[in-house]
$ cat data-v5.txt   # compact mmCIF, C-alpha atoms
# COMPACT_ATOMS: atom_id res chain seq x y z
CA MET A 23 240.63 74.47 275.01
CA THR A 24 238.13 73.89 272.19
CA GLU A 25 238.64 73.83 268.44
CA LEU A 26 236.71 75.02 265.41
CA GLN A 27 236.86 73.34 262.02
CA PHE A 28 237.88 75.43 258.99
CA ARG A 29 238.53 74.65 255.35
CA GLY A 30 242.12 74.92 254.16
CA LEU A 31 243.59 76.17 250.90
CA LYS A 32 243.37 72.71 249.32
CA GLY A 33 239.95 71.92 250.71
CA GLU A 34 241.31 69.99 253.69
CA ALA A 35 239.85 70.29 257.20
CA ILE A 36 241.87 72.46 259.59
CA ALA A 37 241.27 72.63 263.34
CA LEU A 38 241.81 76.09 264.82
CA SER A 39 241.92 76.67 268.55
CA THR A 40 239.32 79.05 269.91
CA ASP A 41 242.15 80.60 271.93
CA VAL A 42 243.56 82.02 268.67
CA LEU A 43 240.26 83.66 267.84
CA THR A 44 239.72 84.86 271.40
CA ALA A 45 243.11 86.57 271.31
CA LEU A 46 242.26 88.24 267.99
CA ARG A 47 238.98 89.88 269.08
CA PRO A 48 240.37 92.69 271.30
CA GLN A 49 243.00 93.56 268.66
CA LEU A 50 240.37 94.48 266.07
CA ARG A 51 238.82 97.89 265.44
CA GLY A 52 236.02 95.99 263.78
CA SER A 53 234.67 92.66 264.92
CA LEU A 54 235.11 88.90 264.64
CA CYS A 55 231.92 86.98 263.91
CA LEU A 56 231.49 83.24 264.23
CA GLN A 57 228.45 81.39 262.94
CA ASP A 58 225.22 82.54 264.61
CA GLU A 59 226.87 85.69 265.99
CA ALA A 60 225.76 89.23 265.20
CA GLY A 61 226.95 90.42 261.79
CA TYR A 62 227.71 86.95 260.44
CA ASP A 63 224.68 86.56 258.16
CA GLU A 64 224.88 90.14 257.00
CA ALA A 65 228.49 89.63 255.91
CA ARG A 66 227.94 86.32 254.13
CA THR A 67 224.81 87.40 252.23
CA ILE A 68 225.70 88.93 248.89
CA TRP A 69 223.84 90.25 245.86
CA ASN A 70 223.59 86.99 243.88
CA ALA A 71 221.15 84.61 245.59
CA MET A 72 222.83 81.64 243.86
CA ILE A 73 225.65 82.03 246.38
CA ASP A 74 224.80 80.62 249.83
CA ARG A 75 228.06 79.83 251.61
CA ARG A 76 228.91 79.66 255.30
CA PRO A 77 232.47 80.73 256.17
CA GLY A 78 234.02 79.40 259.36
CA ALA A 79 234.51 82.96 260.66
CA VAL A 80 234.23 86.55 259.48
CA VAL A 81 236.53 89.44 260.28
CA ARG A 82 234.49 92.60 259.73
CA CYS A 83 237.31 95.06 259.23
CA GLY A 84 237.34 98.59 260.63
CA GLY A 85 240.68 99.60 259.13
CA ALA A 86 243.93 98.50 257.50
CA SER A 87 245.26 96.96 260.71
CA ASP A 88 242.26 94.60 260.83
CA VAL A 89 242.91 93.53 257.26
CA MET A 90 246.55 92.84 258.03
CA ARG A 91 245.68 90.76 261.10
CA ALA A 92 243.06 88.79 259.19
CA VAL A 93 245.45 88.01 256.33
CA ARG A 94 248.12 86.86 258.79
CA LEU A 95 245.60 84.63 260.56
CA ALA A 96 244.70 82.98 257.26
CA ARG A 97 248.34 82.70 256.14
CA ASP A 98 249.69 81.32 259.39
CA ASN A 99 246.99 78.67 259.65
CA GLY A 100 246.61 77.75 255.98
CA LEU A 101 242.97 78.85 255.85
CA LEU A 102 240.95 79.28 252.69
CA VAL A 103 240.28 83.01 252.48
CA ALA A 104 237.73 85.17 250.69
CA VAL A 105 237.72 88.97 250.50
CA ARG A 106 234.48 90.90 250.30
CA GLY A 107 234.13 94.49 249.14
CA GLY A 108 230.67 95.45 247.91
CA GLY A 109 229.68 91.81 247.36
CA HIS A 110 228.24 92.56 243.90
CA ASN A 111 230.39 90.29 241.71
CA ILE A 112 228.49 87.64 239.72
CA SER A 113 230.86 84.75 240.54
CA GLY A 114 230.30 84.98 244.30
CA ASN A 115 233.99 84.81 245.20
CA ALA A 116 233.35 87.35 247.95
CA VAL A 117 232.32 84.44 250.21
CA CYS A 118 233.96 81.08 250.90
CA GLU A 119 232.60 77.86 252.36
CA GLY A 120 234.23 76.99 255.68
CA GLY A 121 237.18 79.37 255.38
CA LEU A 122 237.90 82.90 256.64
CA LEU A 123 235.90 85.76 255.17
CA ILE A 124 237.70 89.11 255.30
CA ASP A 125 234.81 91.55 255.09
CA LEU A 126 235.80 95.04 253.95
CA SER A 127 232.23 96.31 253.52
CA PRO A 128 232.19 98.23 256.86
CA MET A 129 235.05 100.43 255.55
CA ARG A 130 233.05 103.16 253.76
CA SER A 131 234.97 106.42 253.99
CA VAL A 132 235.21 108.73 250.94
CA ARG A 133 237.47 111.78 251.13
CA VAL A 134 237.45 114.17 248.18
CA ASP A 135 240.16 116.81 247.64
CA PRO A 136 238.50 119.37 245.35
CA LYS A 137 241.74 121.27 244.72
CA LYS A 138 243.69 118.22 243.57
CA ARG A 139 240.52 116.70 242.04
CA THR A 140 241.25 113.36 243.70
CA ALA A 141 239.41 111.03 246.05
CA ARG A 142 240.52 108.45 248.62
CA VAL A 143 238.02 105.63 248.80
CA GLU A 144 237.86 102.76 251.30
CA PRO A 145 237.14 99.26 249.96
CA GLY A 146 233.54 98.95 251.18
CA VAL A 147 232.30 102.06 249.38
CA THR A 148 229.57 101.72 246.74
CA LEU A 149 229.27 103.80 243.59
CA GLY A 150 226.30 105.69 244.98
CA GLU A 151 228.22 106.66 248.11
CA PHE A 152 231.21 107.80 246.06
CA ASP A 153 229.05 109.81 243.64
CA LYS A 154 227.31 111.73 246.42
CA GLU A 155 230.65 112.92 247.81
CA ALA A 156 232.22 113.67 244.42
CA GLN A 157 229.16 115.49 243.09
CA ALA A 158 229.15 117.78 246.12
CA PHE A 159 232.23 119.33 244.47
CA GLY A 160 230.99 118.97 240.88
CA LEU A 161 233.34 116.03 240.25
CA ALA A 162 232.91 112.53 238.84
CA THR A 163 235.04 109.64 237.63
CA PRO A 164 234.15 106.78 235.26
CA LEU A 165 232.77 104.10 237.54
CA GLY A 166 229.85 101.75 236.87
CA ILE A 167 226.22 101.98 235.80
CA ASN A 168 224.64 100.67 239.00
CA SER A 169 224.88 102.62 242.25
CA THR A 170 225.03 99.53 244.51
CA THR A 171 228.21 98.16 242.90
CA GLY A 172 231.34 98.26 245.05
CA VAL A 173 234.01 100.71 243.91
CA ALA A 174 236.97 98.47 244.84
CA GLY A 175 235.87 95.33 243.03
CA LEU A 176 234.72 97.31 240.01
CA THR A 177 238.08 99.08 239.79
CA LEU A 178 240.18 95.94 240.16
CA GLY A 179 238.04 94.39 237.43
CA GLY A 180 238.87 97.30 235.12
CA GLY A 181 235.65 99.23 235.56
CA PHE A 182 233.20 100.59 233.04
CA GLY A 183 230.95 103.60 233.30
CA TRP A 184 228.94 106.19 231.47
CA LEU A 185 232.02 108.41 231.21
CA SER A 186 234.45 105.78 229.94
CA ARG A 187 234.48 106.74 226.26
CA LYS A 188 235.43 110.25 227.32
CA PHE A 189 237.70 109.55 230.30
CA GLY A 190 238.74 105.89 230.01
CA PHE A 191 238.28 102.86 232.22
CA THR A 192 238.08 103.17 235.98
CA VAL A 193 241.58 101.70 236.31
CA ASP A 194 242.88 104.29 233.85
CA ASN A 195 241.96 106.90 236.47
CA LEU A 196 243.44 105.06 239.46
CA ILE A 197 246.39 106.93 240.97
CA SER A 198 247.45 104.60 243.77
CA ALA A 199 246.21 101.91 246.11
CA ASP A 200 247.02 100.77 249.62
CA VAL A 201 247.47 97.01 249.39
CA VAL A 202 247.74 94.30 252.04
CA THR A 203 249.94 91.60 250.51
CA ALA A 204 249.77 87.87 251.14
CA ASP A 205 252.36 88.14 253.94
CA GLY A 206 250.18 90.63 255.81
CA ALA A 207 252.23 93.72 254.98
CA LEU A 208 250.71 97.07 253.99
CA VAL A 209 252.30 98.62 250.91
CA GLN A 210 251.36 101.35 248.48
CA ALA A 211 251.13 100.58 244.78
CA SER A 212 251.44 103.42 242.27
CA ALA A 213 253.40 104.36 239.17
CA ALA A 214 256.25 105.47 241.46
CA GLU A 215 256.06 102.89 244.26
CA ASN A 216 255.83 99.14 243.62
CA PRO A 217 254.97 99.89 239.97
CA ASP A 218 254.87 96.21 239.01
CA LEU A 219 252.18 95.53 241.60
CA PHE A 220 250.30 98.63 240.42
CA TRP A 221 250.41 97.38 236.82
CA ALA A 222 249.08 93.99 237.88
CA MET A 223 246.10 95.65 239.56
CA LEU A 224 245.06 97.37 236.32
CA ARG A 225 243.50 94.31 234.85
CA LYS A 226 240.23 94.62 232.89
CA ALA A 227 237.70 96.66 230.58
CA PRO A 228 234.25 98.55 230.35
CA PRO A 229 230.90 99.20 228.46
CA LEU A 230 228.02 101.64 227.88
CA PRO A 231 224.82 99.66 227.31
CA PHE A 232 221.87 98.93 225.19
CA LEU A 233 219.63 96.22 226.57
CA PRO A 234 217.28 93.87 224.71
CA ALA A 235 214.92 92.89 227.49
CA GLU A 236 211.31 92.04 228.26
CA VAL A 237 208.75 94.39 229.79
CA HIS A 238 205.25 93.13 230.66
CA GLY A 239 205.77 90.09 228.44
CA LYS A 240 206.96 92.03 225.38
CA GLU A 241 210.56 92.16 224.17
CA ILE A 242 212.00 95.65 223.90
CA LEU A 243 215.27 97.33 222.95
CA VAL A 244 216.54 99.98 225.37
CA PHE A 245 219.17 102.50 224.28
CA ALA A 246 220.81 103.87 227.39
CA VAL A 247 222.58 107.07 226.40
CA CYS A 248 224.78 109.40 228.40
CA TYR A 249 226.22 112.61 226.94
CA ALA A 250 228.82 114.23 229.21
CA GLY A 251 228.94 117.80 228.02
CA GLU A 252 226.85 120.84 227.14
CA PRO A 253 223.13 120.10 226.68
CA ALA A 254 222.99 122.06 223.42
CA ASN A 255 225.67 119.82 221.90
CA ALA A 256 223.90 116.74 223.21
CA GLU A 257 220.82 117.41 221.08
CA LYS A 258 222.95 117.41 217.94
CA ALA A 259 224.72 114.20 218.96
CA LEU A 260 221.40 112.45 219.67
CA ALA A 261 219.74 113.43 216.39
CA PRO A 262 220.81 110.31 214.40
CA LEU A 263 219.54 108.04 217.18
CA ARG A 264 216.20 109.79 217.40
CA ALA A 265 215.82 109.55 213.60
CA LEU A 266 215.74 105.74 213.74
CA GLY A 267 212.01 105.52 214.46
CA GLU A 268 209.28 106.11 216.99
CA PRO A 269 210.26 104.81 220.46
CA ILE A 270 207.87 103.48 223.08
CA ALA A 271 209.16 106.29 225.27
CA ASP A 272 211.89 108.93 225.09
CA VAL A 273 213.01 109.88 228.59
CA ILE A 274 216.38 111.38 227.68
CA GLY A 275 216.99 114.71 229.33
CA VAL A 276 219.29 116.74 231.55
CA GLN A 277 219.63 115.28 235.02
CA PRO A 278 222.17 115.08 237.86
CA TYR A 279 224.91 112.52 237.23
CA ALA A 280 224.37 110.79 240.59
CA VAL A 281 220.68 110.31 239.73
CA TRP A 282 221.50 108.83 236.33
CA GLN A 283 223.85 106.38 238.05
CA THR A 284 220.82 104.87 239.82
CA ALA A 285 218.68 104.47 236.68
CA PHE A 286 219.38 100.74 236.31
CA ASP A 287 219.34 99.83 239.99
CA PRO A 288 215.90 98.17 239.67
CA LEU A 289 217.37 95.67 237.18
CA LEU A 290 220.02 94.52 239.67
CA THR A 291 218.31 94.42 243.02
CA PRO A 292 219.67 91.82 245.50
CA GLY A 293 217.92 88.56 246.24
CA ALA A 294 217.41 87.09 242.76
CA PHE A 295 219.35 84.20 241.19
CA ASN A 296 221.82 85.40 238.55
CA TYR A 297 224.06 83.75 235.95
CA TRP A 298 226.04 85.69 233.33
CA LYS A 299 228.03 84.95 230.17
CA SER A 300 230.09 87.53 228.29
CA HIS A 301 231.89 88.18 224.99
CA ASN A 302 233.99 91.00 223.53
CA PHE A 303 233.44 92.16 219.94
CA THR A 304 235.20 94.50 217.53
CA ALA A 305 231.97 94.99 215.54
CA LEU A 306 228.27 94.14 215.70
CA SER A 307 228.04 92.06 212.54
CA ASP A 308 224.81 91.16 210.78
CA GLY A 309 225.29 87.53 211.78
CA LEU A 310 225.67 88.48 215.43
CA LEU A 311 222.57 90.68 215.34
CA ASP A 312 220.53 87.94 213.67
CA THR A 313 221.52 85.52 216.42
CA LEU A 314 220.73 88.11 219.07
CA VAL A 315 217.24 88.68 217.66
CA ASP A 316 216.56 84.93 217.58
CA TYR A 317 217.50 84.48 221.22
CA VAL A 318 215.72 87.59 222.47
CA GLY A 319 212.56 85.86 221.35
CA THR A 320 213.25 82.98 223.76
CA LEU A 321 214.28 84.79 226.95
CA PRO A 322 213.72 82.21 229.72
CA THR A 323 212.31 84.66 232.31
CA ALA A 324 210.95 88.20 232.30
CA GLU A 325 214.03 89.57 234.15
CA CYS A 326 216.60 88.33 231.62
CA GLU A 327 218.38 90.75 229.33
CA ILE A 328 221.18 90.92 226.79
CA PHE A 329 223.44 93.85 227.57
CA ILE A 330 225.73 95.26 224.86
CA GLY A 331 227.93 98.17 225.84
CA GLN A 332 229.99 100.36 223.55
CA VAL A 333 233.57 101.00 224.60
CA GLY A 334 236.42 102.53 222.62
CA GLY A 335 237.10 106.24 222.66
CA ALA A 336 239.52 107.21 225.44
CA SER A 337 239.66 103.65 226.71
CA SER A 338 241.16 102.46 223.40
CA ARG A 339 243.95 105.06 223.30
CA ILE A 340 246.13 103.14 225.75
CA GLY A 341 248.62 100.47 224.73
CA ALA A 342 247.75 96.80 225.21
CA ASP A 343 250.61 96.37 227.69
CA ALA A 344 250.02 99.61 229.64
CA THR A 345 247.69 97.75 231.99
CA ALA A 346 247.24 94.05 232.50
CA TYR A 347 243.98 94.11 230.52
CA PRO A 348 245.15 93.90 226.88
CA HIS A 349 241.93 94.08 224.83
CA ARG A 350 242.03 97.77 224.03
CA ASP A 351 240.71 97.10 220.50
CA THR A 352 237.37 95.89 221.89
CA ASN A 353 234.52 98.10 220.71
CA PHE A 354 231.58 96.27 222.27
CA VAL A 355 231.10 94.13 225.37
CA MET A 356 228.13 91.78 225.72
CA ASN A 357 226.74 90.50 229.00
CA VAL A 358 224.14 87.75 228.80
CA HIS A 359 222.35 88.55 232.04
CA THR A 360 220.15 85.62 233.05
CA ARG A 361 218.03 86.26 236.15
CA TRP A 362 215.24 84.33 237.86
CA ARG A 363 213.33 84.12 241.14
CA GLU A 364 212.19 80.48 241.35
CA ARG A 365 214.72 77.69 241.92
CA GLY A 366 212.89 75.56 239.40
CA ASP A 367 213.92 77.96 236.60
CA GLU A 368 217.65 77.51 237.19
CA GLN A 369 218.45 74.77 234.66
CA THR A 370 216.38 76.37 231.89
CA ALA A 371 217.92 79.80 232.45
CA ILE A 372 221.52 78.61 232.57
CA LYS A 373 221.03 76.34 229.54
CA TRP A 374 219.65 79.27 227.54
CA ALA A 375 222.58 81.51 228.53
CA ARG A 376 225.18 78.90 227.59
CA GLU A 377 223.54 78.15 224.25
CA PHE A 378 223.34 81.83 223.34
CA PHE A 379 226.95 82.31 224.44
CA ALA A 380 228.05 79.43 222.16
CA ALA A 381 225.98 80.71 219.24
CA THR A 382 227.60 84.16 219.39
CA ALA A 383 231.16 82.89 219.96
CA PRO A 384 232.10 82.85 216.22
CA HIS A 385 231.64 86.62 216.13
CA ALA A 386 233.65 87.32 219.31
CA THR A 387 237.33 88.15 219.88
CA GLY A 388 237.92 85.53 222.57
CA GLY A 389 238.63 88.21 225.15
CA VAL A 390 236.39 88.76 228.15
CA TYR A 391 235.60 91.39 230.76
CA VAL A 392 236.52 89.58 233.96
CA ASN A 393 233.85 91.16 236.17
CA PHE A 394 231.19 89.49 234.01
CA MET A 395 232.63 85.96 234.31
CA PRO A 396 230.75 83.32 236.34
CA ASP A 397 232.70 80.89 238.50
CA ASP A 398 232.55 78.06 235.94
CA GLU A 399 234.82 79.78 233.41
CA THR A 400 238.29 79.28 234.85
CA GLU A 401 239.54 78.13 231.45
CA ARG A 402 238.90 81.65 230.08
CA VAL A 403 241.22 83.43 232.53
CA PRO A 404 244.37 83.24 230.32
CA GLY A 405 242.38 84.62 227.41
CA ALA A 406 241.16 87.49 229.56
CA TYR A 407 244.74 88.74 229.84
CA GLY A 408 246.12 87.52 226.51
CA SER A 409 249.73 88.51 225.93
CA ASN A 410 249.98 89.91 229.47
CA TYR A 411 249.09 86.65 231.21
CA ALA A 412 252.69 85.38 231.50
CA ARG A 413 253.78 88.62 233.20
CA LEU A 414 250.85 88.31 235.62
CA THR A 415 251.79 84.76 236.60
CA ALA A 416 255.34 85.94 237.37
CA LEU A 417 254.04 88.80 239.51
CA LYS A 418 251.66 86.45 241.31
CA ALA A 419 254.66 84.26 242.16
CA LYS A 420 256.46 87.32 243.54
CA TYR A 421 253.66 88.72 245.70
CA ASP A 422 251.55 85.64 246.46
CA PRO A 423 253.59 82.48 245.79
CA GLY A 424 251.28 80.31 247.86
CA ASN A 425 248.19 81.60 246.02
CA LEU A 426 246.54 82.65 249.27
CA PHE A 427 244.27 85.01 247.33
CA ARG A 428 242.78 82.37 245.07
CA LEU A 429 239.06 83.05 245.35
CA ASN A 430 238.84 85.23 242.25
CA GLN A 431 239.20 84.69 238.52
CA ASN A 432 242.51 83.25 239.52
CA VAL A 433 245.93 83.85 238.01
CA GLN A 434 248.12 80.95 239.13
CA PRO A 435 251.66 81.77 240.37
CA LYS A 436 254.34 80.87 237.85
CA THR A 437 256.22 77.77 238.97
$ encode --input "data-v5.txt" --output "structure tokens"
Amino acid sequence: MTELQFRGLKGEAIALSTDVLTALRPQLRGSLCLQDEAGYDEARTIWNAMIDRRPGAVVRCGGASDVMRAVRLARDNGLLVAVRGGGHNISGNAVCEGGLLIDLSPMRSVRVDPKKRTARVEPGVTLGEFDKEAQAFGLATPLGINSTTGVAGLTLGGGFGWLSRKFGFTVDNLISADVVTADGALVQASAAENPDLFWAMLRKAPPLPFLPAEVHGKEILVFAVCYAGEPANAEKALAPLRALGEPIADVIGVQPYAVWQTAFDPLLTPGAFNYWKSHNFTALSDGLLDTLVDYVGTLPTAECEIFIGQVGGASSRIGADATAYPHRDTNFVMNVHTRWRERGDEQTAIKWAREFFAATAPHATGGVYVNFMPDDETERVPGAYGSNYARLTALKAKYDPGNLFRLNQNVQPKT
């Protein structure tokens, strides 16, 4: 009998017999990948090139039973565990060093019921894959603004999209979810079944963007506009924006929704180094805009941008305690998107992002959209949930008292 070394929940070394892993392989619909085996590198490589971690093993799940078995393996052996959906999150928590990676990305089924106007989506599905199925029936739901984002992670982070001011956050449109709990059980969470768990899943908030950025060495301001309605009414709604001045280019026009969802894909291609900082605002004050203009003039690389998205509308018509995300009075969300290709630019880029973040903090609410948080902001987690944080810690103690699912913007179980 031989043993493999894994990392435990507290960072300790754990020896796991290869017999345990050998017994698991034939039980899986998907596959088990150890280092240097087929599928391992594909599973551990995610969108943000800053994240380069090597898990001890990867379970590439083919269905719910695989997820349950993988969770039980981690629980029974005290293994550090990461869960990957689309692998698009900035913090890189989709991958762990030395632990067990539960890879959901092979699960990519989308089933649309056009009569009920609902969709069942597996956890590896991307926005582009969902949109293609939904648009075949003339349907859409407020998801993200980048087609390569994973639907599951976006939703559990609250979810923003071009349709959010009209139809709310992604989580506001979630009906139910099949959930594998920390004890390896499969349960359904909805308003009628396990409603406390369902509430805890509805955690965060969304934007529609304008982007100060740099194109060919020149700073520009991009207004990204989406009107979800009749084209004739759109022209009237756009008139005040078009009256502001002469743009470099005006490419606004009628187009398929699924195509518009891919418009910003080139800004978020995989393989670059990324670091983000984020604030929520109730208003774009003159002081904030002055600071923004100053920092746009010092963007550290040509791929950096400052994203400000407008929320409100339907997403603000829900009570602060209706979902775990409480900041329903937020009108604007800013993402300081720092991006570079050369390792030598890392310190300069991160320093610029942190300084800009600090300079704009006096104008912010203190709340934050969790999907935009890097992994060095654990102190901001309570503020992300505000008055709902205490309830979340109690629910974490109920469903995951050992904090098995800790590789996230973590809510600690109440002790």
$ closest_residue --input "data-v5.txt" --among "A:Ala256, A:Ala246, A:Ala227, A:Leu290" --to "Asp351 of chain A" --atoms "only C-alpha atoms"
A:Ala227
$ closest_residue --input "data-v5.txt" --among "A:Lys240, A:Arg361, A:Arg76, A:Lys154" --to "Leu122 of chain A" --atoms "all atoms listed in the file"
A:Arg76
$ closest_residue --input "data-v5.txt" --among "A:Leu95, A:Ile270, A:Ala211, A:Ala250" --to "Ser39 of chain A" --atoms "all atoms listed in the file"
A:Leu95
$ closest_residue --input "data-v5.txt" --among "A:Ala254, A:Ala336, A:Leu263, A:Met223" --to "Pro164 of chain A" --atoms "all atoms listed in the file"
A:Ala336
$ residues_around --input "data-v5.txt" --residues "Glu215 of chain A" --least-positions-apart "5" --cutoff "12 Å" --atoms "only C-alpha atoms" --output "list in words"
Ile197, Ser198, Ala199, Asp200, Val201, Val209, Gln210, Phe220 and Trp221 of chain A
$ closest_residue --input "data-v5.txt" --among "A:Ala60, A:Lys299, A:Arg97, A:Thr304" --to "Val80 of chain A" --atoms "all atoms listed in the file"
A:Ala60
$ residues_around --input "data-v5.txt" --residues "segment 408-416 of chain A" --least-positions-apart "5" --cutoff "8 Å" --atoms "all atoms listed in the file" --output "ChimeraX atom specification"
/A:222,343,346-349,389,433-436
$ closest_residue --input "data-v5.txt" --among "A:Ile330, A:Cys83, A:Ile124, A:Val276" --to "Asn302 of chain A" --atoms "all atoms listed in the file"
A:Ile330
$ residues_near_point --input "data-v5.txt" --point "(236.2, 73.9, 270.3)" --cutoff "8 Å" --atoms "all atoms listed in the file" --output "PyMOL selection string"
chain A and resi 23-26+39-40
$ atom_distance --input "data-v5.txt" --atom1 "atom CA of Ile68 of chain A" --atom2 "atom CA of Asn393 of chain A"
15.3 Å
$ residues_near_point --input "data-v5.txt" --point "(214.9, 89.3, 251.0)" --cutoff "12 Å" --atoms "all atoms listed in the file" --output "list in words"
Glu64, Thr67, Ile68, Trp69, Asn70, Ala71, Thr291, Pro292, Gly293, Ala294, Phe295 and Arg363 of chain A
$ residues_around --input "data-v5.txt" --residues "Ser186 of chain A" --least-positions-apart "4" --cutoff "9 Å" --atoms "all atoms listed in the file" --output "PyMOL selection string"
chain A and resi 163-165+181-182+190-192+228-230+333-337
$ write_last_selection --input "data-v5.txt" --atoms "C-alpha atoms" --output "short mmCIF file (atom, residue, chain, number, x, y, z; two decimals), keeping the file's coordinate frame"
data_model
loop_
_atom_site.label_atom_id
_atom_site.label_comp_id
_atom_site.auth_asym_id
_atom_site.auth_seq_id
_atom_site.Cartn_x
_atom_site.Cartn_y
_atom_site.Cartn_z
CA THR A 163 235.04 109.64 237.63
CA PRO A 164 234.15 106.78 235.26
CA LEU A 165 232.77 104.10 237.54
CA GLY A 181 235.65 99.23 235.56
CA PHE A 182 233.20 100.59 233.04
CA GLY A 190 238.74 105.89 230.01
CA PHE A 191 238.28 102.86 232.22
CA THR A 192 238.08 103.17 235.98
CA PRO A 228 234.25 98.55 230.35
CA PRO A 229 230.90 99.20 228.46
CA LEU A 230 228.02 101.64 227.88
CA VAL A 333 233.57 101.00 224.60
CA GLY A 334 236.42 102.53 222.62
CA GLY A 335 237.10 106.24 222.66
CA ALA A 336 239.52 107.21 225.44
CA SER A 337 239.66 103.65 226.71
#
$ residues_around --input "data-v5.txt" --residues "Gly309 of chain A" --least-positions-apart "6" --cutoff "10 Å" --atoms "all atoms listed in the file" --output "count of residues only"
3
$ residues_around --input "data-v5.txt" --residues "segment 107-120 of chain A" --least-positions-apart "5" --cutoff "6 Å" --atoms "only C-alpha atoms" --output "JSON, numbers by chain"
{"A": [28, 29, 68, 69, 73, 75, 76, 77, 78, 126, 127, 145, 146, 171, 172, 396, 397, 429, 430]}
$ atom_distance --input "data-v5.txt" --atom1 "atom CA of Ala35 of chain A" --atom2 "atom CA of Val105 of chain A"
20.0 Å
$ atom_distance --input "data-v5.txt" --atom1 "atom CA of Gln283 of chain A" --atom2 "atom CA of Ala174 of chain A"
16.8 Å
$ build_atoms --input "data-v5.txt" --residues "segment 257-274 of chain A" --atoms "N, CA and C atoms" --output "compact mmCIF listing (two decimals), keeping the file's coordinate frame"
# COMPACT_ATOMS: atom_id res chain seq x y z
N GLU A 257 221.95 117.55 222.01
CA GLU A 257 220.82 117.41 221.08
C GLU A 257 221.31 117.08 219.67
N LYS A 258 222.39 117.69 219.26
CA LYS A 258 222.95 117.41 217.94
C LYS A 258 223.49 115.99 217.87
N ALA A 259 224.15 115.55 218.94
CA ALA A 259 224.72 114.20 218.96
C ALA A 259 223.63 113.13 218.95
N LEU A 260 222.48 113.42 219.57
CA LEU A 260 221.40 112.45 219.67
C LEU A 260 220.52 112.39 218.43
N ALA A 261 220.63 113.36 217.55
CA ALA A 261 219.74 113.43 216.39
C ALA A 261 219.71 112.16 215.55
N PRO A 262 220.87 111.55 215.21
CA PRO A 262 220.81 110.31 214.40
C PRO A 262 220.09 109.17 215.12
N LEU A 263 220.22 109.08 216.43
CA LEU A 263 219.54 108.04 217.18
C LEU A 263 218.02 108.26 217.16
N ARG A 264 217.62 109.49 217.37
CA ARG A 264 216.20 109.79 217.40
C ARG A 264 215.54 109.65 216.02
N ALA A 265 216.35 109.69 214.95
CA ALA A 265 215.82 109.55 213.60
C ALA A 265 215.54 108.10 213.22
N LEU A 266 215.90 107.17 214.08
CA LEU A 266 215.74 105.74 213.74
C LEU A 266 214.28 105.30 213.70
N GLY A 267 213.41 105.95 214.43
CA GLY A 267 212.01 105.52 214.46
C GLY A 267 211.31 106.09 215.67
N GLU A 268 210.09 105.64 215.87
CA GLU A 268 209.28 106.11 216.99
C GLU A 268 209.47 105.19 218.19
N PRO A 269 210.04 105.66 219.29
CA PRO A 269 210.26 104.81 220.46
C PRO A 269 208.98 104.65 221.28
N ILE A 270 208.96 103.63 222.12
CA ILE A 270 207.87 103.48 223.08
C ILE A 270 207.85 104.68 224.02
N ALA A 271 209.03 105.12 224.41
CA ALA A 271 209.16 106.29 225.27
C ALA A 271 210.53 106.90 225.07
N ASP A 272 210.62 108.21 225.15
CA ASP A 272 211.89 108.93 225.09
C ASP A 272 212.02 109.72 226.38
N VAL A 273 212.87 109.24 227.28
CA VAL A 273 213.01 109.88 228.59
C VAL A 273 214.39 110.52 228.75
N ILE A 274 215.05 110.76 227.63
CA ILE A 274 216.38 111.38 227.68
C ILE A 274 216.23 112.86 228.00
